[in-house]
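To start, the structure itself, in structure tokens.
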Amino acid sequence: MSEEPESITAAVPGPEGVTPDRLLHTGASDRPSAEDLVLASGRDLTPDTLEWARRKLAAEGRSAIDKQLP
């Protein structure tokens, strides 16, 4: 087996870049946080987006983050 990750996210030139795969937590044993949902949706971490994510997770559970990821 290879020690390389299954997918590699290349950084985009410029100040915004791309969130590395290792920062997005998914899997049956993980409980996604509001921060995970905000990052998966491509939004900035702000009080408003964190509150949005908390509401979405409360209403939809784990499927809220699954809908954001390919």
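Scheme for the structure tokens: letters A, B, ... for chains in order shown; per-chain residue numbers from 1; ligand numbers from 1 in order shown.
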
| task | Using only C-alpha atoms, determine which residues lie at most 12 Å from Lys56 in chain A, disregarding the query and same-chain residues fewer than 3 positions distant; provide the list as an MDAnalysis selection string. | result | chainID A and resid 32:38 41 49:53 59:68
